[in-house]
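Participant: Dropping in coords17.txt, with compact mmCIF, C-alpha atoms and all ligand atoms.
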```txt
# COMPACT_ATOMS: atom_id res chain seq x y z
CA MET A 294 8.02 -11.70 27.10
CA ARG A 295 7.37 -9.09 24.43
CA ARG A 296 3.80 -8.66 23.28
CA PRO A 297 3.64 -9.62 19.59
CA ILE A 298 2.60 -7.05 17.03
CA LEU A 299 1.11 -7.89 13.65
CA ALA A 300 0.68 -5.00 11.24
CA ALA A 301 -0.96 -4.75 7.83
CA ASN A 302 0.71 -2.38 5.40
CA TRP A 303 -1.83 -1.89 2.66
CA LYS A 304 0.50 0.37 0.65
CA MET A 305 -1.36 2.08 -2.22
CA ASN A 306 -4.28 -0.36 -2.16
CA LYS A 307 -7.95 -0.04 -1.14
CA THR A 308 -10.36 2.85 -1.27
CA ALA A 309 -12.17 3.88 1.90
CA ALA A 310 -15.12 1.72 0.79
CA ASP A 311 -12.80 -1.29 0.28
CA ALA A 312 -11.36 -0.73 3.76
CA VAL A 313 -14.83 -0.81 5.32
CA SER A 314 -15.70 -4.08 3.53
CA PHE A 315 -12.41 -5.56 4.74
CA ALA A 316 -13.29 -4.59 8.32
CA GLU A 317 -16.75 -6.15 8.02
CA LYS A 318 -15.20 -9.49 7.01
CA PHE A 319 -12.18 -9.34 9.30
CA LEU A 320 -13.63 -8.19 12.62
CA PRO A 321 -15.99 -11.09 13.44
CA SER A 322 -13.06 -13.53 13.56
CA ALA A 323 -10.14 -11.33 14.59
CA GLY A 324 -11.48 -8.09 16.04
CA GLN A 325 -10.91 -8.91 19.72
CA GLN A 326 -7.37 -9.87 20.65
CA ALA A 327 -6.06 -10.05 24.20
CA ALA A 328 -2.49 -11.11 23.58
CA VAL A 329 -1.41 -9.55 20.30
CA ASP A 330 -1.42 -6.00 18.97
CA VAL A 331 -3.14 -5.96 15.58
CA VAL A 332 -2.54 -2.83 13.54
CA ILE A 333 -3.69 -1.73 10.07
CA ALA A 334 -1.94 0.94 8.01
CA PRO A 335 -4.38 1.90 5.24
CA PRO A 336 -3.84 4.73 2.76
CA PHE A 337 -4.44 8.15 4.40
CA THR A 338 -7.73 8.51 2.54
CA ALA A 339 -9.18 5.42 4.24
CA LEU A 340 -8.17 6.30 7.81
CA ASP A 341 -11.36 8.07 8.75
CA ARG A 342 -13.85 5.47 7.57
CA LEU A 343 -11.70 2.57 8.69
CA ARG A 344 -11.52 4.10 12.15
CA GLY A 345 -15.30 4.19 12.27
CA ALA A 346 -15.54 0.60 11.05
CA LEU A 347 -13.01 -0.63 13.66
CA GLY A 348 -14.84 1.02 16.56
CA GLY A 349 -15.19 -1.34 19.52
CA SER A 350 -12.48 -3.72 18.26
CA THR A 351 -8.92 -3.98 19.58
CA VAL A 352 -7.43 -3.24 16.14
CA GLU A 353 -5.34 -0.07 16.03
CA LEU A 354 -4.56 2.28 13.17
CA ALA A 355 -1.21 3.23 11.68
CA ALA A 356 -0.13 5.62 8.96
CA GLN A 357 2.28 4.52 6.22
CA ASN A 358 4.29 7.73 6.31
CA VAL A 359 4.32 11.24 7.79
CA ASN A 360 6.12 14.54 7.34
CA ALA A 361 8.34 15.46 10.30
CA GLU A 362 7.35 19.16 10.12
CA PRO A 363 4.33 20.32 12.11
CA SER A 364 2.76 22.39 9.29
CA GLY A 365 3.60 24.68 6.40
CA ALA A 366 4.45 24.73 2.71
CA HIS A 367 4.78 20.98 2.02
CA THR A 368 2.42 20.31 -0.86
CA GLY A 369 1.03 16.79 -0.76
CA GLU A 370 2.32 15.98 2.71
CA ILE A 371 0.54 14.93 5.93
CA SER A 372 1.48 16.03 9.46
CA LEU A 373 1.31 14.24 12.78
CA SER A 374 -1.55 16.35 14.11
CA MET A 375 -3.58 15.29 11.06
CA LEU A 376 -2.87 11.65 11.84
CA GLU A 377 -3.69 12.07 15.51
CA GLU A 378 -7.06 13.49 14.52
CA PHE A 379 -7.85 10.11 12.94
CA GLY A 380 -6.72 8.10 15.95
CA CYS A 381 -3.46 6.73 14.53
CA ARG A 382 -1.33 5.06 17.21
CA TYR A 383 1.58 4.01 14.99
CA VAL A 384 3.42 5.43 11.98
CA ILE A 385 5.56 3.35 9.61
CA VAL A 386 8.73 5.27 8.78
CA GLY A 387 11.55 4.44 6.40
CA HIS A 388 9.79 1.69 4.45
CA SER A 389 12.17 0.47 1.73
CA GLU A 390 9.75 1.72 -0.94
CA ARG A 391 9.99 5.23 0.53
CA ARG A 392 13.76 4.93 0.69
CA ALA A 393 14.17 3.50 -2.84
CA ILE A 394 11.41 5.23 -4.84
CA TYR A 395 11.21 8.57 -3.00
CA GLY A 396 14.85 8.88 -1.98
CA GLU A 397 14.25 9.07 1.77
CA SER A 398 17.50 9.07 3.71
CA SER A 399 18.07 7.53 7.12
CA ALA A 400 18.48 11.06 8.52
CA GLN A 401 14.98 11.92 7.27
CA VAL A 402 13.66 8.67 8.70
CA ALA A 403 15.19 9.57 12.09
CA ALA A 404 13.61 13.04 11.99
CA LYS A 405 10.23 11.44 11.31
CA ALA A 406 10.63 8.86 14.09
CA VAL A 407 11.64 11.57 16.57
CA ALA A 408 8.60 13.65 15.57
CA VAL A 409 6.30 10.61 15.87
CA GLN A 410 7.51 9.92 19.43
CA GLY A 411 7.27 13.63 20.25
CA ALA A 412 3.57 13.48 19.38
CA GLY A 413 3.10 10.45 21.65
CA LEU A 414 2.71 7.98 18.78
CA ARG A 415 4.89 4.93 18.07
CA PRO A 416 7.18 4.72 15.07
CA ILE A 417 7.67 1.44 13.21
CA VAL A 418 11.17 2.02 11.82
CA CYS A 419 11.95 -0.15 8.77
CA VAL A 420 15.39 -1.40 7.78
CA GLY A 421 16.60 -4.05 5.34
CA GLU A 422 19.22 -4.90 2.76
CA THR A 423 18.87 -5.31 -1.02
CA LEU A 424 19.71 -8.56 -2.77
CA GLU A 425 22.91 -7.03 -4.10
CA GLU A 426 23.97 -6.05 -0.57
CA ARG A 427 23.18 -9.56 0.74
CA ASP A 428 25.09 -11.22 -2.10
CA ARG A 429 28.11 -9.03 -1.31
CA GLY A 430 27.97 -10.24 2.31
CA ASP A 431 27.09 -6.74 3.53
CA THR A 432 23.74 -7.48 5.18
CA LEU A 433 24.73 -6.81 8.78
CA ALA A 434 26.85 -3.78 7.92
CA VAL A 435 23.98 -2.24 5.92
CA VAL A 436 21.31 -3.00 8.51
CA GLY A 437 23.62 -1.80 11.30
CA GLN A 438 24.26 1.51 9.59
CA GLN A 439 20.58 2.02 8.75
CA LEU A 440 19.72 1.42 12.41
CA GLU A 441 22.32 3.80 13.77
CA GLU A 442 21.32 6.58 11.39
CA SER A 443 17.57 6.01 11.43
CA LEU A 444 17.45 5.90 15.24
CA ALA A 445 19.49 9.06 15.88
CA GLY A 446 17.67 10.91 18.65
CA VAL A 447 14.94 8.25 18.86
CA SER A 448 14.06 6.85 22.28
CA GLY A 449 13.95 3.10 22.99
CA GLY A 450 10.54 3.20 24.68
CA GLU A 451 7.50 2.99 22.36
CA LEU A 452 9.67 1.90 19.46
CA VAL A 453 9.03 -0.89 16.95
CA ILE A 454 11.61 -2.03 14.38
CA ALA A 455 10.68 -3.87 11.18
CA TYR A 456 13.38 -5.90 9.46
CA GLU A 457 12.28 -6.19 5.84
CA PRO A 458 14.87 -7.61 3.44
CA VAL A 459 14.13 -5.80 0.18
CA TRP A 460 14.56 -9.02 -1.86
CA ALA A 461 11.72 -10.62 0.11
CA ILE A 462 9.17 -7.82 -0.32
CA GLY A 463 6.38 -8.69 -2.72
CA THR A 464 8.52 -11.39 -4.33
CA GLY A 465 7.13 -14.51 -2.66
CA ARG A 466 10.70 -15.21 -1.62
CA VAL A 467 10.50 -15.18 2.18
CA ALA A 468 13.67 -15.19 4.30
CA THR A 469 14.17 -18.56 5.96
CA PRO A 470 13.46 -18.44 9.71
CA GLU A 471 17.20 -18.91 10.33
CA ILE A 472 18.21 -16.00 8.08
CA ALA A 473 15.57 -13.77 9.63
CA GLN A 474 16.53 -14.76 13.18
CA GLU A 475 20.21 -14.09 12.48
CA VAL A 476 19.45 -10.51 11.45
CA HIS A 477 16.90 -10.02 14.24
CA ALA A 478 19.46 -11.16 16.83
CA PHE A 479 21.93 -8.69 15.32
CA VAL A 480 19.31 -5.90 15.49
CA ARG A 481 18.65 -6.77 19.15
CA GLU A 482 22.38 -6.60 19.90
CA LYS A 483 22.60 -3.24 18.18
CA LEU A 484 19.60 -1.99 20.18
CA ARG A 485 21.34 -3.11 23.39
CA GLY A 486 24.26 -0.90 22.44
CA LEU A 487 21.92 2.04 21.83
CA TYR A 488 19.36 1.56 24.62
CA SER A 489 20.84 -0.92 27.14
CA GLU A 490 18.09 -2.78 29.06
CA VAL A 491 15.20 -1.11 27.20
CA ALA A 492 16.38 -2.96 24.09
CA ASP A 493 14.84 -6.18 25.35
CA SER A 494 11.38 -4.66 25.28
CA VAL A 495 11.63 -3.26 21.71
CA ARG A 496 9.56 -5.37 19.34
CA ILE A 497 11.20 -6.41 16.08
CA GLN A 498 8.86 -7.40 13.26
CA TYR A 499 9.85 -9.41 10.22
CA GLY A 500 8.43 -8.32 6.87
CA GLY A 501 8.72 -9.73 3.36
CA SER A 502 6.34 -12.29 1.80
CA VAL A 503 4.85 -13.33 5.16
CA LYS A 504 1.91 -15.67 4.48
CA PRO A 505 -0.24 -17.98 6.60
CA ASP A 506 1.86 -20.97 5.49
CA ASN A 507 5.25 -19.57 6.54
CA ALA A 508 4.35 -17.38 9.51
CA ALA A 509 4.44 -19.99 12.29
CA ASP A 510 8.07 -20.93 11.62
CA LEU A 511 9.10 -17.29 11.55
CA MET A 512 7.20 -16.50 14.74
CA ALA A 513 8.89 -19.42 16.53
CA GLN A 514 12.24 -17.56 16.38
CA SER A 515 13.29 -15.95 19.65
CA ASP A 516 13.89 -12.43 18.33
CA ILE A 517 10.94 -12.24 15.93
CA ASP A 518 8.12 -10.45 17.73
CA GLY A 519 5.60 -10.12 14.95
CA ALA A 520 5.24 -9.27 11.29
CA LEU A 521 4.68 -6.37 8.94
CA VAL A 522 2.61 -7.76 6.11
CA GLY A 523 1.84 -6.42 2.65
CA GLY A 524 0.15 -8.77 0.16
CA ALA A 525 -1.31 -11.25 2.66
CA SER A 526 -2.91 -8.43 4.66
CA LEU A 527 -5.14 -7.34 1.79
CA GLU A 528 -7.55 -10.26 2.15
CA ALA A 529 -9.52 -10.52 5.41
CA ASP A 530 -9.19 -14.32 5.43
CA SER A 531 -5.42 -14.49 5.15
CA PHE A 532 -4.84 -11.60 7.55
CA SER A 533 -7.16 -13.18 10.08
CA GLN A 534 -5.26 -16.49 9.76
CA LEU A 535 -2.07 -14.54 10.45
CA VAL A 536 -3.65 -13.03 13.58
CA SER A 537 -4.40 -16.56 14.88
CA ILE A 538 -0.86 -17.73 14.16
CA VAL A 539 0.76 -14.76 15.88
CA ALA A 540 -1.70 -14.99 18.80
CA SER A 541 -0.91 -18.66 19.32
CA ARG A 542 2.77 -17.79 19.53
CA ALA A 543 1.84 -15.29 22.23
CA GLU A 544 -0.09 -17.93 24.15
CA GLY A 545 2.46 -20.68 23.65
P1 LIG B 1 4.79 -8.29 1.21
O1 LIG B 1 4.19 -8.96 2.45
O2 LIG B 1 3.77 -8.08 0.14
O3 LIG B 1 6.04 -8.97 0.77
O4 LIG B 1 5.21 -6.80 1.68
C1 LIG B 1 6.00 -6.64 2.80
C2 LIG B 1 6.07 -5.21 3.15
O5 LIG B 1 6.69 -4.43 2.46
C3 LIG B 1 5.34 -4.76 4.35
O6 LIG B 1 5.71 -3.46 4.71
```
Kindly return the structure encoded in the file as structure tokens.
Ligand code: 13P

Facilitator:
Amino acid sequence: MRRPILAANWKMNKTAADAVSFAEKFLPSAGQQAAVDVVIAPPFTALDRLRGALGGSTVELAAQNVNAEPSGAHTGEISLSMLEEFGCRYVIVGHSERRAIYGESSAQVAAKAVAVQGAGLRPIVCVGETLEERDRGDTLAVVGQQLEESLAGVSGGELVIAYEPVWAIGTGRVATPEIAQEVHAFVREKLRGLYSEVADSVRIQYGGSVKPDNAADLMAQSDIDGALVGGASLEADSFSQLVSIVASRAEG
């Protein structure tokens, strides 16, 4: 059985001080987890203080993005050695907002994921179709192509995939468990083609309007191994409810 992984993607929200207050509220109820990996991806500027605030808990840190180059003339960018210095264990790569707003291609996403693994960290590689692509009936073709291109050169060990349908992100319109499971099963099949047996140990998160009231049904699906959560991860109460839901899936 795959160990579930629940990750908070705070996007461009919370100062370092906000992150510390979140940790103070969140840790008493959810800071020690035996059966689920709980990860928080704050803005870069909050990594240092959040790391201090999380000390002694089982919660791990992620970055929301990284530059694949080790150093050099890349104004405004952050390298892997900078993230390692702050104890990041995971890096989200290829989030749909990076792809859509900042024009990141799947080839760039693959280069980042390869660099993340090369540094001994774990990439969370995001894929997902737009509403237009779904309405055209192209969901599996789009997700399949994104996977092939975004995983070029990436190894199957220490890999997490996040399926995030773009139409479900921040819209309150969650994919039904059946729709999500259909795509997750397809992703698993694709991973089997790329990685053979290792594919069964790759965790596939669902992301897009995950909330405490819809998470249990999603987590009950056989190929959904956790969630990547935006809005509902910003409040300590709702994120801690999500931890309990995902942990009970792990136990059940
Ligand atoms: P929401 O949970 O706010 O829909 O965001 C999902 C997401 O993009 C996580 O990466």

Participant: Using all atoms listed in the file, which protein or nucleic acid residues are at most 8 Å from ligand LIG 1 (chain B), as a list of chain:residue names?

Facilitator: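 Checked against 8 Å with all atoms listed in the file; the hits are A:Ala301, A:Asn302, A:Trp303, A:Lys304, A:His388, A:Ser389, A:Glu390, A:Glu457, A:Val459, A:Ala461, A:Ile462, A:Gly463, A:Thr464, A:Gly465, A:Val467, A:Gly500, A:Gly501, A:Ser502, A:Val503, A:Lys504, A:Leu521, A:Val522, A:Gly523, A:Gly524, A:Ala525, A:Ser526.
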
Participant: A:Gly421, A:Ser443, A:Phe379, A:Leu299: which is nearest Arg496 of chain A, counting all atoms listed in the file?

Facilitator: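 Of A:Gly421, A:Ser443, A:Phe379, A:Leu299, the one nearest Arg496 of chain A, counting all atoms listed in the file, is A:Leu299.
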
Participant: Per residue of segment 456-539 of chain A within 12 Å of segment 427-430 of chain A, note the shortest atom pair and the distance in Å to one decimal, counting all atoms listed in the file, and order the rows by chain and increasing residue number, as a tab-separated table.

Facilitator:
```
residue	atom	partner	partner_atom	distance
A:Pro458	CA	A:Arg427	CA	9.0
A:Val459	CA	A:Arg427	CA	9.8
A:Trp460	CA	A:Arg427	CA	9.0
A:Ala461	CA	A:Arg427	CA	11.5
A:Ala468	CA	A:Arg427	CA	11.6
A:Ile472	CA	A:Arg427	CA	11.0
A:Val476	CA	A:Arg427	CA	11.4
```

Participant: Using only C-alpha atoms, pick whichever of A:Gln498, A:Ser448, A:Ser314, A:Gln514 has the shortest atom-to-atom distance to Glu471 of chain A.

Facilitator: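 Nearest to Glu471 of chain A: A:Gln514.
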
Participant: Check the smallest atom-to-atom distance from each of A:Gly413, A:Gly449, A:Pro505, A:Pro470 to Gly486 of chain A using all atoms listed in the file, then report the winner.

Facilitator: A:Gly449

Participant: Just want the 8 Å neighbourhood of Leu354 of chain A, counted on all atoms listed in the file, with same-chain residues fewer than 2 positions away dropped. Output as a VMD selection string.

Facilitator: chain A and resid 332 to 335 340 344 352 356 380 to 383

Participant: My list of candidates is A:Thr338, A:Ser322, A:Thr351, A:Thr423. Which is closest to Leu376 of chain A when distances are computed with only C-alpha atoms?

Facilitator: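 The answer is A:Thr338, which sits nearest to Leu376 of chain A.
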
Participant: Separation of atom CA of Gln534 of chain A and atom CA of Ala312 of chain A, in Å?

Facilitator: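 Interatomic distance, atom CA of Gln534 of chain A to atom CA of Ala312 of chain A: 17.9 Å.
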
Participant: Which residues come within 8 Å of Ala412 of chain A, counting only C-alpha atoms, excluding same-chain residues fewer than 4 positions away, as a PDB file with C-alpha atoms, in the frame of the given file?

Facilitator:
```pdb
ATOM      1  CA  LEU A 373       1.310  14.240  12.780  1.00  0.00           C
ATOM      2  CA  SER A 374      -1.550  16.350  14.110  1.00  0.00           C
ATOM      3  CA  ALA A 408       8.600  13.650  15.570  1.00  0.00           C
TER       4      ALA A 408
END
```

Participant: So which one's closest to Ser541 of chain A, A:Ala339, A:Ala327, A:Ala406, A:Ala355? Using only C-alpha atoms, please.

Facilitator: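 That would be A:Ala327, the residue with the smallest distance to Ser541 of chain A.
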
Participant: Could you add all heavy atoms to segment 393-404 of chain A and give me the result as a PDB file, in the coordinates of the input?

Facilitator:
```pdb
ATOM      1  N   ALA A 393      13.694   3.758  -1.472  1.00  0.00           N
ATOM      2  CA  ALA A 393      14.170   3.500  -2.840  1.00  0.00           C
ATOM      3  C   ALA A 393      13.468   4.381  -3.874  1.00  0.00           C
ATOM      4  O   ALA A 393      14.111   4.926  -4.767  1.00  0.00           O
ATOM      5  CB  ALA A 393      13.977   2.032  -3.187  1.00  0.00           C
ATOM      6  N   ILE A 394      12.147   4.528  -3.772  1.00  0.00           N
ATOM      7  CA  ILE A 394      11.410   5.230  -4.840  1.00  0.00           C
ATOM      8  C   ILE A 394      11.408   6.742  -4.592  1.00  0.00           C
ATOM      9  O   ILE A 394      11.449   7.525  -5.524  1.00  0.00           O
ATOM     10  CB  ILE A 394       9.955   4.723  -4.953  1.00  0.00           C
ATOM     11  CG1 ILE A 394       9.911   3.196  -5.076  1.00  0.00           C
ATOM     12  CG2 ILE A 394       9.237   5.363  -6.150  1.00  0.00           C
ATOM     13  CD1 ILE A 394       8.513   2.587  -4.992  1.00  0.00           C
ATOM     14  N   TYR A 395      11.335   7.136  -3.303  1.00  0.00           N
ATOM     15  CA  TYR A 395      11.210   8.570  -3.000  1.00  0.00           C
ATOM     16  C   TYR A 395      12.471   9.146  -2.369  1.00  0.00           C
ATOM     17  O   TYR A 395      12.449  10.278  -1.883  1.00  0.00           O
ATOM     18  CB  TYR A 395       9.969   8.803  -2.119  1.00  0.00           C
ATOM     19  CG  TYR A 395       8.730   8.286  -2.829  1.00  0.00           C
ATOM     20  CD1 TYR A 395       8.167   7.063  -2.501  1.00  0.00           C
ATOM     21  CD2 TYR A 395       8.188   8.993  -3.907  1.00  0.00           C
ATOM     22  CE1 TYR A 395       7.083   6.560  -3.211  1.00  0.00           C
ATOM     23  CE2 TYR A 395       7.108   8.501  -4.616  1.00  0.00           C
ATOM     24  CZ  TYR A 395       6.557   7.282  -4.266  1.00  0.00           C
ATOM     25  OH  TYR A 395       5.501   6.790  -4.978  1.00  0.00           O
ATOM     26  N   GLY A 396      13.541   8.365  -2.387  1.00  0.00           N
ATOM     27  CA  GLY A 396      14.850   8.880  -1.980  1.00  0.00           C
ATOM     28  C   GLY A 396      14.956   9.291  -0.527  1.00  0.00           C
ATOM     29  O   GLY A 396      15.759  10.163  -0.183  1.00  0.00           O
ATOM     30  N   GLU A 397      14.177   8.683   0.353  1.00  0.00           N
ATOM     31  CA  GLU A 397      14.250   9.070   1.770  1.00  0.00           C
ATOM     32  C   GLU A 397      15.557   8.563   2.383  1.00  0.00           C
ATOM     33  O   GLU A 397      15.899   7.391   2.239  1.00  0.00           O
ATOM     34  CB  GLU A 397      13.095   8.435   2.540  1.00  0.00           C
ATOM     35  CG  GLU A 397      12.040   9.424   2.890  1.00  0.00           C
ATOM     36  CD  GLU A 397      10.862   8.790   3.609  1.00  0.00           C
ATOM     37  OE1 GLU A 397      11.037   7.939   4.486  1.00  0.00           O
ATOM     38  OE2 GLU A 397       9.737   9.175   3.243  1.00  0.00           O
ATOM     39  N   SER A 398      16.241   9.450   3.071  1.00  0.00           N
ATOM     40  CA  SER A 398      17.500   9.070   3.710  1.00  0.00           C
ATOM     41  C   SER A 398      17.232   8.619   5.150  1.00  0.00           C
ATOM     42  O   SER A 398      16.184   8.931   5.726  1.00  0.00           O
ATOM     43  CB  SER A 398      18.435  10.274   3.753  1.00  0.00           C
ATOM     44  OG  SER A 398      17.887  11.250   4.624  1.00  0.00           O
ATOM     45  N   SER A 399      18.221   7.946   5.719  1.00  0.00           N
ATOM     46  CA  SER A 399      18.070   7.530   7.120  1.00  0.00           C
ATOM     47  C   SER A 399      17.946   8.741   8.041  1.00  0.00           C
ATOM     48  O   SER A 399      17.268   8.676   9.066  1.00  0.00           O
ATOM     49  CB  SER A 399      19.243   6.651   7.538  1.00  0.00           C
ATOM     50  OG  SER A 399      19.157   5.398   6.905  1.00  0.00           O
ATOM     51  N   ALA A 400      18.592   9.850   7.680  1.00  0.00           N
ATOM     52  CA  ALA A 400      18.480  11.060   8.520  1.00  0.00           C
ATOM     53  C   ALA A 400      17.025  11.565   8.506  1.00  0.00           C
ATOM     54  O   ALA A 400      16.488  11.975   9.541  1.00  0.00           O
ATOM     55  CB  ALA A 400      19.428  12.141   8.016  1.00  0.00           C
ATOM     56  N   GLN A 401      16.396  11.508   7.334  1.00  0.00           N
ATOM     57  CA  GLN A 401      14.980  11.920   7.270  1.00  0.00           C
ATOM     58  C   GLN A 401      14.097  10.957   8.064  1.00  0.00           C
ATOM     59  O   GLN A 401      13.152  11.372   8.736  1.00  0.00           O
ATOM     60  CB  GLN A 401      14.500  11.961   5.817  1.00  0.00           C
ATOM     61  CG  GLN A 401      15.043  13.155   5.038  1.00  0.00           C
ATOM     62  CD  GLN A 401      14.713  13.036   3.545  1.00  0.00           C
ATOM     63  OE1 GLN A 401      15.014  12.036   2.908  1.00  0.00           O
ATOM     64  NE2 GLN A 401      14.081  14.065   3.019  1.00  0.00           N
ATOM     65  N   VAL A 402      14.440   9.678   7.975  1.00  0.00           N
ATOM     66  CA  VAL A 402      13.660   8.670   8.700  1.00  0.00           C
ATOM     67  C   VAL A 402      13.772   8.956  10.207  1.00  0.00           C
ATOM     68  O   VAL A 402      12.778   8.917  10.941  1.00  0.00           O
ATOM     69  CB  VAL A 402      14.170   7.246   8.377  1.00  0.00           C
ATOM     70  CG1 VAL A 402      13.468   6.201   9.233  1.00  0.00           C
ATOM     71  CG2 VAL A 402      13.981   6.947   6.881  1.00  0.00           C
ATOM     72  N   ALA A 403      14.986   9.270  10.669  1.00  0.00           N
ATOM     73  CA  ALA A 403      15.190   9.570  12.090  1.00  0.00           C
ATOM     74  C   ALA A 403      14.366  10.790  12.502  1.00  0.00           C
ATOM     75  O   ALA A 403      13.722  10.793  13.555  1.00  0.00           O
ATOM     76  CB  ALA A 403      16.666   9.799  12.379  1.00  0.00           C
ATOM     77  N   ALA A 404      14.370  11.821  11.652  1.00  0.00           N
ATOM     78  CA  ALA A 404      13.610  13.040  11.990  1.00  0.00           C
ATOM     79  C   ALA A 404      12.121  12.704  12.117  1.00  0.00           C
ATOM     80  O   ALA A 404      11.421  13.199  13.015  1.00  0.00           O
ATOM     81  CB  ALA A 404      13.832  14.108  10.921  1.00  0.00           C
TER      82      ALA A 404
END
```
